[in-house]
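J.: Quick one: the structure is below, questions incoming.
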Amino acid sequence: MKLINPMKVIDGSRIHSFHIWLVFWLFLVILFDGYDVVIYGAVVPSLIKEWGISDVTAGAIGSYTVMGTAAGAIVFGLLADKLGRKKIILLTIFLFSFFTLLSGFANGPTMFIIFRVIAGVGLGGVMPNVIALTTEFAPKHIRSALVSFVFCGYSVGAIAASLTSRSLLPTAGWEPVFWLAGIPLLFFPFLIKIIPESVSFLIQTGKVEEAKKVLAKIDPTINVKEAIELKNPDERAPGSPVVKLFEQKRALSTVMFWISCFSAFILIYSMNTWLPRLMMQAGYDLKSSLTFIAVMQIGAIVGTIVFGRLVDKLGFKKVLVPLFFCGAIALSLIGFTNSPFIAYALISVIGAASVGVQNMSNAFVSQYYPTEMRSTALGSTMAFGRMGGIVAPTFVGILLTMNLQPQYNFAAIASAAVLGGFAMLFVQEKHGNYNKEANQPESAEDRFNAAK
């Protein structure tokens with residue numbers, strides 16, 4: 001009987017239509033994730049004016065939404081390892097799309113908060129599972145680049161949010177900006193058909209025939225009618241998957257990943273929620289301030305693609321640590337310039353050092369842990385990180401009420417980038433799963449199959 005290791009089939013596969021369509025649809029999912037997250041920051045000035053709320057209240061609304069994302073990251077990260085990633089991805093897409101759409105019909109802060117929190121649960125749950133699924137199905141030689149590319153969708157969605165808000169706010173108001181978030185509901189049938197279930201999950205739950213069909217899409221030379229025994233790459237050991245994140249000398253790195261993610265989310269949510277307001281405080285008008293969101297996300301996209309390729313050559317830490325510190329420098333300088341062009345350049349660096357760093361950090365975490373605990377690792381890391389997202393909107397809102405000079409506000413936010421850089425510095429790459437796989441001696445079975 002022929003014996004196949006599914007992970008080796010995936011690792012050694014070539015890019016073809018299966019990968020292209022999967023990456024396309026997951027990119028689109030993350031695009032709307034980014035759109036839904038950023039539109040609140042774009043419409044904050046309008047909501048403050050229409051509902052007569054303070055900066056602190058507006059910041060608190062942003063924080064409540066992130067509480068939902070933190071809960072979603074924890075709950076759906078754990079459920080995905082038990083129920084399967086495909087089901088959870090589809091459920092979370094529905095939650096964030098439908099309830100963001102409903103947010104556009106809210107007639108006051110209370111209803112708006114309820115809809116945004118529920119949407120936040122979906123937003124928090126979808127990202128770690130999309131990361132995990134992309135990581136599992138990406139060929140090994142371009143895995144980091146593909147994961148990073150998928151998460152460029154977040155920045156494209158953020159740019160779309162900025163440009164859409166810039167076009168619609170002056171003429172149609174803020175409501176249509178939220179209605180557009182319901183578009184993913186229209187292509188739900190395509191997602192059901194295209195997104196596969198995790199091969200590892202299918203094998204562990206006894207659905208071997210389904211696993212064979214998925215593998216045949218990855219490698220067309222596999223004949224599903226032949227007698228094939230699929231080698232289970234990850235025997236699930238008893239015990240809590242969260243506790244396992246701290247086993248086998250991974251404890252320090254797990255904590256450092258959490259702190260790094262916390263810092264990155266402070267940067268991301270400070271900028272997403274308050275960048276237009278901060279730039280208006282620095283003397284720019286609303287339209288110009290919304291343009292800064294687009295510039296920041298362009299920096300995130302370019303940074304993710306360029307530095308994502310460097311990660312595959314140099315390693316994660318050699319890229320991510322300097323990027324964090326560059327972000328701190330750019331944030332500290334932006335409050336001192338009156339030149340729009342210099343401000344654009346600095347904002348683009350901030351985009352690469354916040355959203356871009358987080359995109360690459362997601363790839364780092366997803367490869368650091370074994371497949372059977374990958375969703376749990378990503379979910380718990382992002383849940384802890386989103387605590388930074390909870391703190392950031394309210395914290396910056398309080399800063400704005402203190403009427404400080406713009407450079408002091410940006411310098412306060414920059415401290416998060418410094419913390420993130422030091423945390424990433426202490427991650428121990430030698431205990432990562434990818435290193436263990438690389439150093440694992442070739443088994444007799446592998447040598448026998450290779451000889452055949």
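The way I read the labels, and the way they are meant: chains A, B, ... in the order of the structure tokens, residue 1 as the first residue of every chain, and ligand 1 as the first ligand shown, with later ones counted on from there.
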Write out as a Markdown table the residues of range 137-199 of chain A that have any atom within 12 Å of an atom of range 427-434 of chain A, one row each with the nearest atom pair and its distance in Å to one decimal, counting only C-alpha atoms, sorted by chain and then rising number.
T.:
```
| residue | atom | partner | partner_atom | distance |
| --- | --- | --- | --- | --- |
| A:Lys140 | CA | A:Tyr434 | CA | 10.0 |
| A:Arg143 | CA | A:Tyr434 | CA | 11.5 |
| A:Ser144 | CA | A:Tyr434 | CA | 11.8 |
```
J.: Running DSSP on the backbone, which parts of range 118-219 of chain A land in alpha helix (DSSP H), as number ranges by chain?
T.: A: 118-137, 143-150, 152-168, 175-179, 188-194, 199-204, 208-218
J.: What lies within 7 Å of Ala161 in chain A using only C-alpha atoms, ignoring chain neighbours under 6 positions off, as a PyMOL selection string?
T.: chain A and resi 35+38-39
J.: I need the chosen residues saved as a PDB file, in the first residue's frame, with N, CA and C atoms.
T.:
```pdb
ATOM      1  N   TYR A  35     -11.216  46.565   5.351  1.00  0.00           N
ATOM      2  CA  TYR A  35     -12.208  47.617   5.076  1.00  0.00           C
ATOM      3  C   TYR A  35     -13.070  47.866   6.305  1.00  0.00           C
ATOM      4  N   VAL A  38     -11.174  49.650   9.237  1.00  0.00           N
ATOM      5  CA  VAL A  38     -10.695  51.021   9.033  1.00  0.00           C
ATOM      6  C   VAL A  38     -11.826  52.033   8.853  1.00  0.00           C
ATOM      7  N   ILE A  39     -12.994  51.594   8.389  1.00  0.00           N
ATOM      8  CA  ILE A  39     -14.057  52.570   8.108  1.00  0.00           C
ATOM      9  C   ILE A  39     -14.471  53.340   9.358  1.00  0.00           C
TER      10      ILE A  39
END
```
J.: Counting only C-alpha atoms, what is within 7 Å of Ser366 in chain A, bar same-chain residues fewer than 4 positions away, as a list in words?
T.: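 Within the cut-off, the hits are Ala132, Thr135, Asn362, Arg374 and Leu378 of chain A.
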J.: Mind pulling up the distance from CA of Ser63 in chain A to CA of Ile30 in chain A?
T.: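 CA of Ser63 in chain A lies 20.7 Å from CA of Ile30 in chain A.
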J.: List the spatial neighbours of range 199-202 of chain A as a ChimeraX atom specification - criterion: any atom at most 7 Å away, only C-alpha atoms, same-chain residues fewer than 5 positions off excluded.
T.: /A:84,207-208,210-211
J.: Once you have the residues from the selection above, write them out as an mmCIF file, in the first residue's frame, restricted to N, CA, C and O atoms.
T.:
```cif
data_model
loop_
_atom_site.group_PDB
_atom_site.id
_atom_site.type_symbol
_atom_site.label_atom_id
_atom_site.label_comp_id
_atom_site.auth_asym_id
_atom_site.auth_seq_id
_atom_site.Cartn_x
_atom_site.Cartn_y
_atom_site.Cartn_z
ATOM 1 N N GLY A 84 -12.963 22.495 12.725
ATOM 2 C CA GLY A 84 -12.474 22.669 11.360
ATOM 3 C C GLY A 84 -12.400 24.133 10.981
ATOM 4 O O GLY A 84 -13.243 24.940 11.398
ATOM 5 N N LYS A 207 -11.889 11.575 8.174
ATOM 6 C CA LYS A 207 -12.431 11.843 6.841
ATOM 7 C C LYS A 207 -11.308 11.729 5.807
ATOM 8 O O LYS A 207 -10.949 12.688 5.114
ATOM 9 N N VAL A 208 -10.791 10.512 5.694
ATOM 10 C CA VAL A 208 -9.608 10.276 4.857
ATOM 11 C C VAL A 208 -9.912 10.478 3.377
ATOM 12 O O VAL A 208 -9.084 11.021 2.634
ATOM 13 N N GLU A 210 -12.048 12.494 1.969
ATOM 14 C CA GLU A 210 -12.088 13.932 1.687
ATOM 15 C C GLU A 210 -10.679 14.504 1.631
ATOM 16 O O GLU A 210 -10.372 15.359 0.794
ATOM 17 N N ALA A 211 -9.824 14.031 2.534
ATOM 18 C CA ALA A 211 -8.434 14.493 2.553
ATOM 19 C C ALA A 211 -7.728 14.121 1.250
ATOM 20 O O ALA A 211 -6.953 14.912 0.700
#
```
J.: Take CA of Val23 in chain A and CA of Ile74 in chain A and report the distance between them in Å, one decimal.
T.: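 Taking CA of Val23 in chain A as the start and CA of Ile74 in chain A as the end point, the length is 24.2 Å.
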J.: Report the closest atom pair, with its distance in Å rounded to one decimal, for each residue of range 97-132 of chain A that has an atom no farther than 12 Å from range 148-159 of chain A; count only C-alpha atoms, sort by chain and then rising residue number, and write it as CSV.
T.:
```
residue,atom,partner,partner_atom,distance
A:Leu123,CA,A:Tyr154,CA,11.4
A:Val126,CA,A:Phe151,CA,11.9
A:Met127,CA,A:Phe151,CA,8.9
A:Pro128,CA,A:Phe151,CA,10.9
A:Val130,CA,A:Val150,CA,8.8
A:Ile131,CA,A:Phe151,CA,8.3
A:Ala132,CA,A:Val150,CA,11.5
```
J.: Export, as a compact mmCIF listing (two decimals), in the first residue's frame, the selected residues with all heavy atoms.
T.:
```
# COMPACT_ATOMS: atom_id res chain seq x y z
N LEU A 123 -14.62 39.59 12.99
CA LEU A 123 -13.32 40.09 12.52
C LEU A 123 -12.17 39.44 13.28
O LEU A 123 -11.14 39.11 12.69
CB LEU A 123 -13.26 41.61 12.70
CG LEU A 123 -14.15 42.45 11.78
CD1 LEU A 123 -14.20 43.90 12.26
CD2 LEU A 123 -13.69 42.38 10.35
N VAL A 126 -11.87 35.56 12.07
CA VAL A 126 -11.54 35.18 10.70
C VAL A 126 -10.04 35.22 10.44
O VAL A 126 -9.49 34.35 9.75
CB VAL A 126 -12.29 36.09 9.69
CG1 VAL A 126 -11.71 37.50 9.64
CG2 VAL A 126 -12.27 35.47 8.30
N MET A 127 -9.35 36.20 11.00
CA MET A 127 -7.94 36.40 10.64
C MET A 127 -7.03 35.23 11.02
O MET A 127 -6.29 34.72 10.18
CB MET A 127 -7.42 37.71 11.20
CG MET A 127 -6.03 38.08 10.70
SD MET A 127 -5.50 39.74 11.14
CE MET A 127 -6.38 40.73 9.95
N PRO A 128 -7.05 34.76 12.30
CA PRO A 128 -6.14 33.66 12.63
C PRO A 128 -6.42 32.39 11.84
O PRO A 128 -5.49 31.63 11.53
CB PRO A 128 -6.38 33.43 14.13
CG PRO A 128 -7.67 34.09 14.44
CD PRO A 128 -7.80 35.23 13.48
N VAL A 130 -7.73 32.23 8.69
CA VAL A 130 -7.24 32.43 7.33
C VAL A 130 -5.73 32.28 7.28
O VAL A 130 -5.17 31.67 6.36
CB VAL A 130 -7.69 33.80 6.78
CG1 VAL A 130 -6.94 34.15 5.50
CG2 VAL A 130 -9.18 33.80 6.52
N ILE A 131 -5.04 32.82 8.30
CA ILE A 131 -3.58 32.66 8.37
C ILE A 131 -3.22 31.18 8.42
O ILE A 131 -2.34 30.70 7.70
CB ILE A 131 -3.00 33.35 9.62
CG1 ILE A 131 -3.28 34.84 9.61
CG2 ILE A 131 -1.49 33.13 9.70
CD1 ILE A 131 -3.00 35.52 10.94
N ALA A 132 -3.89 30.45 9.33
CA ALA A 132 -3.57 29.04 9.51
C ALA A 132 -3.82 28.24 8.24
O ALA A 132 -3.02 27.37 7.87
CB ALA A 132 -4.41 28.47 10.67
```
J.: Taking only C-alpha atoms into account, which of A:Val396, A:Glu372, A:Val391, A:Val295 comes nearest Ser348 in chain A?
T.: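 Going through A:Val396, A:Glu372, A:Val391, A:Val295 one by one, the smallest distance to Ser348 in chain A is for A:Val295.
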J.: How many Å lie between CA of Gly335 in chain A and CA of Phe410 in chain A, rounded to one decimal?
T.: 6.5 Å
J.: Closest to Ile142 in chain A among A:Gly124, A:Tyr64, A:His19, A:Leu185, using only C-alpha atoms?
T.: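 Comparing A:Gly124, A:Tyr64, A:His19, A:Leu185 against Ile142 in chain A, the winner is A:His19.
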J.: Taking only C-alpha atoms into account, name the residue in A:Ile342, A:Ala42, A:Met256, A:Val29 that is nearest to Thr381 in chain A.
T.: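 Nearest candidate to Thr381 in chain A out of A:Ile342, A:Ala42, A:Met256, A:Val29: A:Met256.
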